[in-house]
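The structure file query.cif is reproduced below (mmCIF, C-alpha atoms).
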data_coords
#
loop_
_atom_site.label_atom_id
_atom_site.label_comp_id
_atom_site.auth_asym_id
_atom_site.auth_seq_id
_atom_site.Cartn_x
_atom_site.Cartn_y
_atom_site.Cartn_z
CA MET A 1092 -4.72 42.22 42.17
CA ALA A 1093 -3.44 42.46 38.63
CA ASP A 1094 0.21 43.39 38.55
CA THR A 1095 -0.66 46.08 36.03
CA ALA A 1096 -3.01 48.13 38.23
CA LEU A 1097 -1.83 51.71 38.65
CA SER A 1098 -1.86 53.95 41.67
CA VAL A 1099 -2.31 57.70 41.60
CA HIS A 1100 -0.80 60.24 43.85
CA THR A 1101 -1.22 64.00 43.68
CA ASP A 1102 0.61 66.68 45.65
CA ASN A 1103 -0.72 70.17 46.01
CA LEU A 1104 -2.48 69.73 42.67
CA SER A 1105 -4.07 72.94 41.46
CA VAL A 1106 -5.74 73.96 38.21
CA ARG A 1107 -7.08 77.45 37.54
CA PHE A 1108 -9.52 78.65 34.92
CA ALA A 1109 -9.05 82.37 34.25
CA GLY A 1110 -7.48 82.72 37.67
CA ALA A 1111 -10.30 80.97 39.57
CA PRO A 1112 -9.26 77.66 41.13
CA ALA A 1113 -10.96 74.62 39.58
CA LEU A 1114 -8.82 72.31 41.67
CA ASP A 1115 -7.38 73.68 44.85
CA ARG A 1116 -4.25 72.08 46.33
CA LEU A 1117 -5.38 68.45 46.22
CA ASP A 1118 -3.35 65.80 47.98
CA LEU A 1119 -4.82 62.50 46.88
CA ARG A 1120 -3.82 58.85 46.99
CA LEU A 1121 -5.70 56.35 44.87
CA ALA A 1122 -4.66 52.82 45.80
CA PRO A 1123 -4.12 50.36 42.94
CA GLY A 1124 -6.68 47.71 42.03
CA LYS A 1125 -9.66 49.33 43.71
CA ILE A 1126 -12.89 50.87 42.49
CA HIS A 1127 -12.82 54.50 43.58
CA GLY A 1128 -15.78 56.84 43.63
CA LEU A 1129 -15.10 60.45 42.70
CA LEU A 1130 -18.09 62.26 44.12
CA GLY A 1131 -19.01 65.90 43.91
CA ARG A 1132 -21.77 68.21 42.80
CA ASN A 1133 -21.78 69.62 39.29
CA GLY A 1134 -18.88 72.05 38.95
CA SER A 1135 -17.00 70.64 41.93
CA GLY A 1136 -13.92 69.83 39.82
CA LYS A 1137 -14.51 66.12 39.13
CA SER A 1138 -14.06 66.42 35.38
CA THR A 1139 -11.02 68.65 35.70
CA LEU A 1140 -9.43 66.16 38.07
CA ALA A 1141 -10.24 63.28 35.71
CA ALA A 1142 -8.69 65.21 32.79
CA VAL A 1143 -5.51 65.92 34.75
CA LEU A 1144 -5.18 62.31 35.92
CA ALA A 1145 -5.49 61.12 32.33
CA GLY A 1146 -2.90 63.60 31.09
CA PHE A 1147 -5.43 65.57 29.02
CA ARG A 1148 -4.19 68.76 30.64
CA GLN A 1149 -1.34 69.97 32.77
CA PRO A 1150 -1.66 71.10 36.39
CA ASP A 1151 -1.03 74.81 37.01
CA GLU A 1152 0.65 73.91 40.27
CA GLY A 1153 1.65 70.75 42.08
CA GLN A 1154 1.86 67.37 40.41
CA VAL A 1155 0.17 64.10 39.50
CA LEU A 1156 2.23 60.94 39.60
CA ILE A 1157 1.14 57.57 38.26
CA GLU A 1158 2.88 54.53 39.64
CA GLY A 1159 2.77 50.83 38.94
CA ALA A 1160 4.44 47.75 37.55
CA GLY A 1161 5.85 48.33 34.09
CA LEU A 1162 6.37 52.02 34.67
CA GLY A 1163 9.53 51.91 36.71
CA THR A 1164 9.61 55.24 38.49
CA PRO A 1165 6.43 57.25 39.16
CA MET A 1166 5.61 59.39 36.15
CA ALA A 1167 3.50 62.41 35.31
CA PRO A 1168 0.88 61.52 32.67
CA TYR A 1169 0.96 64.75 30.64
CA GLU A 1170 2.51 64.17 27.19
CA ASN A 1171 3.88 60.82 28.29
CA ALA A 1172 2.71 58.06 25.94
CA VAL A 1173 4.11 55.31 28.16
CA VAL A 1174 1.71 56.37 30.89
CA THR A 1175 -1.26 57.53 28.85
CA SER A 1176 -1.44 54.28 26.88
CA ARG A 1177 -2.22 52.64 30.23
CA ILE A 1178 -4.89 55.16 31.18
CA CYS A 1179 -8.35 55.32 29.67
CA LEU A 1180 -10.59 58.29 30.39
CA ILE A 1181 -14.15 58.08 29.09
CA ARG A 1182 -16.01 61.36 29.20
CA GLU A 1183 -19.66 61.99 28.64
CA SER A 1184 -18.84 63.90 25.49
CA GLY A 1185 -17.34 60.69 24.08
CA ASP A 1186 -14.22 62.22 22.56
CA VAL A 1187 -14.91 60.39 19.30
CA ALA A 1188 -15.14 62.40 16.06
CA ASP A 1189 -18.76 62.79 14.91
CA SER A 1190 -18.13 61.68 11.34
CA LEU A 1191 -16.49 58.42 12.39
CA GLN A 1192 -18.38 55.16 12.11
CA VAL A 1193 -18.72 53.20 15.33
CA ARG A 1194 -16.69 50.28 13.98
CA HIS A 1195 -13.88 52.65 13.03
CA ALA A 1196 -13.90 54.14 16.51
CA LEU A 1197 -13.56 50.58 17.82
CA ALA A 1198 -10.73 49.76 15.42
CA LEU A 1199 -8.94 52.93 16.52
CA ALA A 1200 -9.29 51.97 20.18
CA ALA A 1201 -8.06 48.45 19.38
CA SER A 1202 -4.92 49.85 17.74
CA LEU A 1203 -4.18 52.37 20.49
CA ARG A 1204 -5.03 50.36 23.58
CA PRO A 1205 -2.39 47.80 24.57
CA TYR A 1206 -4.77 45.84 26.82
CA TRP A 1207 -7.77 45.99 24.44
CA ASN A 1208 -10.03 42.94 24.54
CA ALA A 1209 -11.99 42.55 21.31
CA ASP A 1210 -14.14 39.67 22.58
CA LEU A 1211 -15.32 41.74 25.51
CA ALA A 1212 -16.00 44.70 23.21
CA GLY A 1213 -18.11 42.54 20.90
CA GLU A 1214 -20.05 41.03 23.76
CA LEU A 1215 -20.77 44.44 25.31
CA LEU A 1216 -21.79 46.02 21.99
CA ASP A 1217 -24.37 43.25 21.66
CA ARG A 1218 -25.56 43.67 25.20
CA PHE A 1219 -25.99 47.44 24.85
CA GLU A 1220 -27.34 47.04 21.29
CA VAL A 1221 -24.95 49.60 19.81
CA PRO A 1222 -25.08 49.59 15.98
CA THR A 1223 -21.52 49.46 14.62
CA ASN A 1224 -22.28 50.62 11.07
CA LYS A 1225 -23.61 54.04 12.07
CA ARG A 1226 -21.72 57.30 12.28
CA MET A 1227 -21.23 58.73 15.77
CA GLN A 1228 -23.45 61.74 15.00
CA LYS A 1229 -26.36 59.39 14.22
CA LEU A 1230 -26.23 57.68 17.60
CA SER A 1231 -28.72 58.64 20.31
CA ARG A 1232 -27.30 60.05 23.53
CA GLY A 1233 -27.97 56.72 25.25
CA LYS A 1234 -26.10 54.73 22.59
CA LYS A 1235 -23.21 57.18 22.65
CA SER A 1236 -22.92 56.71 26.39
CA ALA A 1237 -23.15 52.95 25.96
CA LEU A 1238 -20.37 53.04 23.38
CA GLY A 1239 -18.28 55.02 25.88
CA ALA A 1240 -18.90 52.31 28.45
CA VAL A 1241 -17.83 49.64 25.95
CA LEU A 1242 -14.66 51.55 24.99
CA GLY A 1243 -13.79 52.05 28.65
CA LEU A 1244 -14.36 48.47 29.76
CA ALA A 1245 -12.83 46.76 26.73
CA SER A 1246 -9.71 48.95 27.04
CA ARG A 1247 -8.94 47.07 30.27
CA ALA A 1248 -6.61 49.96 31.00
CA PRO A 1249 -4.72 49.62 34.30
CA LEU A 1250 -6.28 52.98 35.23
CA THR A 1251 -9.77 53.43 33.80
CA ILE A 1252 -11.73 56.58 34.55
CA PHE A 1253 -15.43 56.93 33.77
CA ASP A 1254 -16.38 60.58 34.02
CA GLU A 1255 -20.19 60.44 34.22
CA THR A 1256 -20.04 58.43 31.00
CA TYR A 1257 -23.16 56.57 31.83
CA LEU A 1258 -25.40 59.56 32.53
CA GLY A 1259 -26.89 59.39 29.05
CA MET A 1260 -28.01 55.80 29.61
CA ASP A 1261 -31.41 54.83 30.88
CA VAL A 1262 -31.76 52.92 34.14
CA PRO A 1263 -31.67 49.37 32.69
CA SER A 1264 -28.58 50.23 30.63
CA ARG A 1265 -26.86 51.75 33.65
CA ARG A 1266 -27.58 48.58 35.62
CA ALA A 1267 -26.16 46.54 32.74
CA PHE A 1268 -23.09 48.79 32.83
CA TYR A 1269 -22.60 48.30 36.58
CA ASP A 1270 -22.98 44.52 36.15
CA ALA A 1271 -20.50 44.43 33.27
CA LEU A 1272 -18.08 46.59 35.25
CA LEU A 1273 -18.17 44.32 38.30
CA ALA A 1274 -17.92 41.14 36.24
CA ASP A 1275 -14.92 42.33 34.26
CA TYR A 1276 -13.27 43.91 37.29
CA ALA A 1277 -13.55 40.54 39.06
CA GLU A 1278 -11.85 38.92 36.09
CA VAL A 1279 -9.15 41.56 35.55
CA PRO A 1280 -8.75 43.69 38.67
CA ARG A 1281 -7.55 47.18 37.84
CA THR A 1282 -7.82 50.69 39.17
CA ILE A 1283 -11.19 52.16 38.29
CA VAL A 1284 -12.47 55.64 39.01
CA LEU A 1285 -16.20 56.32 38.73
CA SER A 1286 -16.95 60.01 38.78
CA THR A 1287 -20.59 60.70 39.52
CA HIS A 1288 -23.13 62.58 41.54
CA LEU A 1289 -25.51 59.59 41.55
CA VAL A 1290 -24.18 58.47 44.89
CA ASN A 1291 -26.94 56.03 45.76
CA GLU A 1292 -26.62 54.16 42.50
CA VAL A 1293 -22.93 53.46 42.72
CA SER A 1294 -22.24 53.45 46.44
CA THR A 1295 -22.25 49.66 46.78
CA LEU A 1296 -19.79 49.29 43.88
CA LEU A 1297 -17.15 51.43 45.52
CA GLU A 1298 -14.36 50.58 47.90
CA ASP A 1299 -12.91 54.07 48.44
CA VAL A 1300 -14.37 57.51 47.85
CA VAL A 1301 -13.02 60.97 47.19
CA ILE A 1302 -15.46 63.82 47.76
CA LEU A 1303 -14.75 67.16 46.09
CA ASP A 1304 -16.48 70.44 46.67
CA ASN A 1305 -15.53 73.68 44.93
CA GLY A 1306 -12.24 72.15 43.80
CA ARG A 1307 -11.28 71.20 47.34
CA LEU A 1308 -10.93 67.80 48.90
CA VAL A 1309 -13.73 67.31 51.42
CA THR A 1310 -12.77 63.80 52.39
CA GLN A 1311 -10.98 60.74 51.12
CA SER A 1312 -11.88 57.52 52.85
CA PRO A 1313 -12.91 53.88 52.49
CA VAL A 1314 -16.63 53.85 51.85
CA ASP A 1315 -17.24 51.55 54.81
CA SER A 1316 -15.86 54.05 57.26
CA LEU A 1317 -17.93 56.86 55.74
CA ARG A 1318 -21.11 54.88 56.10
CA GLY A 1319 -22.28 55.38 59.62
CA ARG A 1320 -19.78 58.18 60.22
CA GLY A 1321 -22.55 60.68 60.62
CA ALA A 1322 -25.41 60.64 63.10
CA ALA A 1323 -28.69 62.51 63.35
CA VAL A 1324 -29.49 63.42 66.94
CA VAL A 1325 -33.13 64.25 67.63
CA GLY A 1326 -34.81 65.44 70.84
CA PRO A 1327 -35.63 68.49 72.93
CA ALA A 1328 -33.69 71.43 71.47
CA LYS A 1329 -31.72 72.28 74.60
CA VAL A 1330 -30.65 68.68 75.27
CA VAL A 1331 -29.67 68.14 71.62
CA ASP A 1332 -27.57 71.32 71.67
CA GLU A 1333 -25.77 70.24 74.84
CA PHE A 1334 -25.17 66.72 73.58
CA THR A 1335 -23.80 67.74 70.20
CA ALA A 1336 -21.52 70.49 71.52
CA GLY A 1337 -18.00 69.72 70.33
CA PHE A 1338 -19.12 67.77 67.26
CA THR A 1339 -18.86 69.04 63.69
CA VAL A 1340 -22.41 70.04 62.81
CA LEU A 1341 -23.45 69.31 59.23
CA ALA A 1342 -27.05 70.42 59.41
CA GLU A 1343 -29.71 71.35 61.88
CA GLU A 1344 -33.46 71.56 61.77
CA LYS A 1345 -35.94 72.73 64.34
CA LEU A 1346 -39.62 71.95 64.65
CA GLY A 1347 -41.24 73.57 67.70
CA GLY A 1348 -39.25 72.45 70.73
CA THR A 1349 -37.72 69.50 68.89
CA LYS A 1350 -34.43 69.77 67.17
CA SER A 1351 -32.51 67.50 64.83
CA ILE A 1352 -28.79 68.00 64.42
CA THR A 1353 -26.71 66.00 61.95
CA VAL A 1354 -23.14 65.65 63.12
CA LEU A 1355 -19.97 63.95 61.98
CA GLY A 1356 -18.67 61.48 64.48
CA ASP A 1357 -18.44 57.93 65.65
CA PHE A 1358 -20.99 57.15 68.29
CA ASP A 1359 -19.63 54.38 70.47
CA PRO A 1360 -21.99 52.33 72.67
CA THR A 1361 -21.23 54.46 75.76
CA LEU A 1362 -22.21 57.62 73.92
CA LEU A 1363 -25.33 55.96 72.51
CA ALA A 1364 -26.32 54.88 76.02
CA GLN A 1365 -25.82 58.44 77.27
CA ALA A 1366 -27.97 59.75 74.46
CA ALA A 1367 -30.72 57.25 75.21
CA SER A 1368 -30.77 58.09 78.91
CA ALA A 1369 -30.93 61.79 78.02
CA GLY A 1370 -34.08 61.01 76.02
CA LEU A 1371 -32.44 61.53 72.62
CA GLU A 1372 -32.84 59.49 69.50
CA VAL A 1373 -29.73 58.85 67.45
CA GLY A 1374 -30.30 57.86 63.84
CA PRO A 1375 -27.81 56.84 61.16
CA VAL A 1376 -26.90 58.99 58.17
CA GLY A 1377 -26.44 57.24 54.82
CA LEU A 1378 -23.68 57.92 52.32
CA GLN A 1379 -25.92 59.90 49.99
CA GLU A 1380 -27.19 62.06 52.83
CA LEU A 1381 -23.70 62.55 54.20
CA PHE A 1382 -22.56 63.56 50.71
CA VAL A 1383 -25.39 66.09 50.44
CA HIS A 1384 -24.55 67.59 53.82
CA LEU A 1385 -20.80 67.68 53.16
CA THR A 1386 -21.26 69.49 49.86
CA ALA A 1387 -24.22 71.71 50.74
CA PRO A 1388 -23.87 75.25 49.30
CA THR A 1389 -24.40 77.02 52.64
CA PRO A 1390 -23.82 74.65 55.51
CA LYS A 1391 -25.91 75.53 58.49
CA GLY A 1392 -24.40 75.60 61.92
CA THR A 1393 -20.73 75.61 62.62
CA ARG A 1394 -18.09 73.70 60.78
CA SER A 1395 -14.81 72.91 62.36
CA MET B 1403 -31.17 44.89 49.42
CA PHE B 1404 -28.68 46.75 51.56
CA ASP B 1405 -29.41 49.93 53.43
CA GLU B 1406 -27.05 52.86 53.62
CA ARG B 1407 -26.91 52.88 57.35
CA SER B 1408 -24.15 50.51 58.28
CA PRO B 1409 -21.11 49.15 56.50
CA ILE B 1410 -22.28 46.74 53.82
CA TYR B 1411 -19.83 44.04 54.86
CA LEU B 1412 -21.58 43.85 58.24
CA GLN B 1413 -24.93 43.56 56.49
CA ILE B 1414 -23.56 40.74 54.33
CA ALA B 1415 -22.28 38.90 57.41
CA GLU B 1416 -25.64 39.38 59.13
CA GLN B 1417 -27.52 38.04 56.11
CA ILE B 1418 -25.43 34.90 55.92
CA LYS B 1419 -25.84 34.35 59.66
CA ASN B 1420 -29.62 34.64 59.25
CA ASP B 1421 -29.50 32.04 56.48
CA ILE B 1422 -27.57 29.70 58.74
CA VAL B 1423 -29.89 30.18 61.73
CA SER B 1424 -32.97 29.63 59.56
CA GLY B 1425 -31.40 26.54 58.00
CA ALA B 1426 -31.37 27.98 54.45
CA LEU B 1427 -27.62 27.38 54.51
CA ALA B 1428 -26.71 23.96 55.89
CA GLU B 1429 -23.60 23.14 57.87
CA ASP B 1430 -20.66 22.16 55.67
CA GLU B 1431 -22.50 23.64 52.68
CA GLN B 1432 -20.42 25.78 50.32
CA VAL B 1433 -21.35 29.47 50.20
CA MET B 1434 -21.13 31.61 47.07
CA SER B 1435 -17.68 32.87 46.12
CA THR B 1436 -17.00 36.54 46.81
CA ASN B 1437 -17.09 37.30 43.09
CA GLN B 1438 -20.42 35.50 42.63
CA TYR B 1439 -21.76 37.25 45.68
CA ALA B 1440 -20.51 40.62 44.42
CA ALA B 1441 -22.05 40.13 40.98
CA PHE B 1442 -25.34 38.87 42.39
CA TYR B 1443 -25.84 41.74 44.82
CA ARG B 1444 -24.04 44.33 42.67
CA ILE B 1445 -21.45 45.16 45.29
CA ASN B 1446 -17.70 45.61 45.32
CA PRO B 1447 -15.92 42.22 45.60
CA ALA B 1448 -13.64 43.61 48.32
CA THR B 1449 -16.71 44.43 50.39
CA ALA B 1450 -18.04 40.90 49.99
CA ALA B 1451 -14.61 39.50 50.88
CA LYS B 1452 -14.54 41.62 54.03
CA GLY B 1453 -17.93 40.27 55.14
CA PHE B 1454 -16.76 36.70 54.54
CA ALA B 1455 -13.47 37.31 56.35
CA GLN B 1456 -15.41 38.53 59.36
CA LEU B 1457 -17.42 35.30 59.40
CA VAL B 1458 -14.25 33.22 59.17
CA ASP B 1459 -12.86 35.17 62.16
CA GLU B 1460 -16.02 34.44 64.10
CA GLY B 1461 -15.80 30.74 63.26
CA VAL B 1462 -19.05 30.76 61.29
CA LEU B 1463 -17.38 29.95 57.97
CA TYR B 1464 -14.23 28.05 57.17
CA LYS B 1465 -11.98 28.15 54.14
CA LYS B 1466 -10.91 25.22 52.00
CA ARG B 1467 -7.87 26.32 50.10
CA GLY B 1468 -8.52 26.56 46.38
CA ILE B 1469 -12.14 25.46 46.72
CA GLY B 1470 -14.00 28.14 48.62
CA MET B 1471 -15.86 28.95 51.83
CA PHE B 1472 -18.05 26.57 53.78
CA VAL B 1473 -20.41 26.81 56.74
CA SER B 1474 -18.71 25.58 59.92
CA PRO B 1475 -20.15 22.36 61.36
CA ASN B 1476 -21.12 24.05 64.61
CA ALA B 1477 -22.13 27.40 63.10
CA ARG B 1478 -25.84 27.08 63.76
CA ASP B 1479 -25.35 26.20 67.43
CA LEU B 1480 -22.82 28.97 67.82
CA LEU B 1481 -25.17 31.57 66.36
CA ARG B 1482 -28.22 30.32 68.24
CA THR B 1483 -26.34 30.42 71.53
CA GLY B 1484 -25.18 33.96 70.77
CA ARG B 1485 -28.69 35.11 70.01
CA ARG B 1486 -30.12 33.36 73.07
CA ASP B 1487 -27.67 35.32 75.21
CA SER B 1488 -28.95 38.63 73.92
CA PHE B 1489 -32.59 37.58 73.45
CA PHE B 1490 -33.94 39.24 76.58
CA ALA B 1491 -32.02 42.47 76.09
CA ASP B 1492 -32.71 42.71 72.34
CA VAL B 1493 -36.22 41.35 72.04
CA VAL B 1494 -38.05 41.06 75.36
CA ASP B 1495 -36.98 44.30 77.05
CA PRO B 1496 -38.08 46.54 74.16
CA MET B 1497 -41.42 44.71 74.07
CA ILE B 1498 -41.93 45.34 77.79
CA ARG B 1499 -41.00 49.01 77.41
CA GLU B 1500 -43.50 49.36 74.56
CA ALA B 1501 -46.22 47.59 76.57
CA MET B 1502 -45.66 49.93 79.50
CA ALA B 1503 -45.56 53.01 77.28
CA ILE B 1504 -48.91 52.25 75.66
CA GLY B 1505 -50.57 50.89 78.79
CA VAL B 1506 -50.78 47.18 78.09
CA PRO B 1507 -50.67 45.50 81.53
CA LEU B 1508 -47.79 43.02 81.80
CA ARG B 1509 -50.30 40.53 83.20
CA ASP B 1510 -52.02 40.60 79.73
CA VAL B 1511 -48.68 40.07 78.06
CA LEU B 1512 -47.97 37.07 80.28
CA GLN B 1513 -51.40 35.65 79.58
CA HIS B 1514 -50.78 36.01 75.86
CA ILE B 1515 -47.46 34.23 76.14
CA ARG B 1516 -49.00 31.35 78.13
CA LYS B 1517 -51.31 30.61 75.21
CA TYR B 1518 -48.25 29.17 73.50
CA GLY B 1519 -47.99 26.63 76.30
CA ASP B 1520 -44.88 25.72 78.22
CA SER B 1521 -42.91 24.22 75.37
#
This entry written out as structure tokens:
Amino acid sequence: MADTALSVHTDNLSVRFAGAPALDRLDLRLAPGKIHGLLGRNGSGKSTLAAVLAGFRQPDEGQVLIEGAGLGTPMAPYENAVVTSRICLIRESGDVADSLQVRHALALAASLRPYWNADLAGELLDRFEVPTNKRMQKLSRGKKSALGAVLGLASRAPLTIFDETYLGMDVPSRRAFYDALLADYAEVPRTIVLSTHLVNEVSTLLEDVVILDNGRLVTQSPVDSLRGRGAAVVGPAKVVDEFTAGFTVLAEEKLGGTKSITVLGDFDPTLLAQAASAGLEVGPVGLQELFVHLTAPTPKGTRS
Amino acid sequence: MFDERSPIYLQIAEQIKNDIVSGALAEDEQVMSTNQYAAFYRINPATAAKGFAQLVDEGVLYKKRGIGMFVSPNARDLLRTGRRDSFFADVVDPMIREAMAIGVPLRDVLQHIRKYGDS
């Protein structure tokens, strides 16, 4: 792990818009040098969290602390140039003035970013075919997104946050972005946060995930322990009900006398054997599906 | 490439084991580095490293410091023995259950198997 990678730690972090909570008492820990997924539906608070982590806005309550080599004591990012020069947030909007030429935006980044790598920037601009002599306002949405990706990767910031930057890109460009991200992360490990709702596309890139819903933390966990954490139990309604009693039910469906209940829980071999002898089928639940169930607007069944 | 149903590091380990059993990866042959593996399959390098570490624990791979990971000299035997032990439970029993469920007499199944001779 690069000695520069930063860790993030929030306590009771809350942000309100006109009184309504956008982030509601978040206690988060982002370990240094990992690729973190920040997953949530639209409006779940991902962008607000990203903005607070990058010091773009202040929390209304609680705190964000950034920690790592070169910083000494943990520090809050808001209005702290020592910290913010080490953090790069790339938002879908781009945050680059419309009248600026692409090459000027690059020169600005080069002068502001202490870890900027011009070779990497040049290579990525070629790969994404971003014209450098055009003004920002003349770029297509896809090229704007691609430029965001270039600025984010070439910044090599110890904490780099991509807030759905790549949504404007088409599928081949997004793949190229994921490849470039992995390649450069392998070369210079750093803390990366990918905020997205395209769970399936990024799930294999991630090591840890944070799932937000309505500004609240749903879960924070290594992606490997989330995969296979849910199970879909299918069989005769009565038997399924009995078997899943005591589990947290994420969803249930009924077709005639057959019922399918999706639950959270580890099914050890003993439990699986019991299910099989009761005539039940137990199927796995993927990360995407789990995400959908965990952030469903009106969860069916009981939640504990 | 990978499904969403089990931890990817287990799927990676399984894939490499399959390559060893089939002979696609020879004993004492070097396997891809975790970074190469991660880039090739578009996965997190830590995930790849976890899959490799599991195989080292199981004695399927061994590490040469500063050079990389290699297939253990006895890996193929080790894996084949392991699979032989679970062959009847994993492969034959489900086949018999299926045959009984759909009404294929076991005598027909035996006859079919005998066509392959006694080798």
Show which residues sit within 9 Å of Pro1409 of chain B, as a PyMOL selection string. Count all atoms listed in the file, and ignore same-chain residues fewer than 2 positions away. (chain A and resi 1314-1319) or (chain B and resi 1405-1407+1411-1413+1449)
Pick the closest to chain A from B:Lys1419, B:Arg1499, B:Lys1517, B:Lys1452: which is it, counting all atoms listed in the file? B:Lys1452
Distance filter 9 Å, all atoms listed in the file, chain B against chain A, as JSON, numbers by chain: {"B": [1404, 1405, 1406, 1407, 1408, 1409, 1410, 1411, 1437, 1438, 1440, 1441, 1442, 1443, 1444, 1445, 1446, 1447, 1448, 1449]}
Please provide as number ranges by chain all residues within 9 Å of Arg1478 of chain B, with the sequence filter that same-chain residues fewer than 6 positions apart are discarded (counting all atoms listed in the file). B: 1419, 1422-1425, 1428-1429, 1462
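Distance-wise, atom CA of Ser1435 of chain B and atom CA of Gln1417 of chain B end up 14.9 Å apart.
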Which residues would end up in the selection if the PyMOL selection byres ((chain A and resi 1228-1237) around 6) were applied here, given that I need the answer as a ChimeraX atom specification? /A:1189,1221,1226-1227,1238-1240,1256-1257,1259-1260
With C-alpha atoms kept, could you save the residues just selected as a PDB file, keeping the file's coordinate frame?
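Output below, filename out16.pdb:
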ATOM      1  CA  ASP A1189     -18.760  62.790  14.910  1.00  0.00           C
ATOM      2  CA  VAL A1221     -24.950  49.600  19.810  1.00  0.00           C
ATOM      3  CA  ARG A1226     -21.720  57.300  12.280  1.00  0.00           C
ATOM      4  CA  MET A1227     -21.230  58.730  15.770  1.00  0.00           C
ATOM      5  CA  LEU A1238     -20.370  53.040  23.380  1.00  0.00           C
ATOM      6  CA  GLY A1239     -18.280  55.020  25.880  1.00  0.00           C
ATOM      7  CA  ALA A1240     -18.900  52.310  28.450  1.00  0.00           C
ATOM      8  CA  THR A1256     -20.040  58.430  31.000  1.00  0.00           C
ATOM      9  CA  TYR A1257     -23.160  56.570  31.830  1.00  0.00           C
ATOM     10  CA  GLY A1259     -26.890  59.390  29.050  1.00  0.00           C
ATOM     11  CA  MET A1260     -28.010  55.800  29.610  1.00  0.00           C
TER      12      MET A1260
END
List every protein, DNA or RNA residue that has at least one atom no more than 6 Å from (-5.7, 72.8, 45.4) in the file's coordinates, counting all atoms listed in the file, and write the result as a ChimeraX atom specification. /A:1103-1105,1114-1117
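Residue nearest Met1434 of chain B within the list B:Gly1484, B:Phe1490, B:Leu1508, B:Phe1472: B:Phe1472 [criterion: smallest interatomic distance, only C-alpha atoms].
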Show which residues sit within 8 Å of Ile1252 of chain A, as number ranges by chain. Count only C-alpha atoms, and ignore same-chain residues fewer than 2 positions away. A: 1141, 1178-1181, 1243, 1250, 1254, 1283-1286
Residues at most 9 Å from Asn1305 of chain A, counting all atoms listed in the file, excluding those fewer than 3 positions away in the same chain, as an MDAnalysis selection string? chainID A and resid 1112:1115 1131:1132 1134:1136 1308 1386
Expected selection from the PyMOL selection byres ((chain A and resi 1335-1349) around 12), given as a VMD selection string: chain A and resid 1320 to 1334 1350 to 1358 1362 1365 to 1366 1370 to 1373 1376 1380 to 1395
Which one is closest to Pro1263 of chain A: A:Arg1218, A:Leu1156, A:Thr1175, A:Leu1199? Count all atoms listed in the file. A:Arg1218
What separates atom CA of Arg1204 of chain A and atom CA of Ser1246 of chain A is a distance of 6.0 Å
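Note that the spacing between atom CA of Arg1194 of chain A and atom CA of Val1241 of chain A amounts to 12.0 Å.
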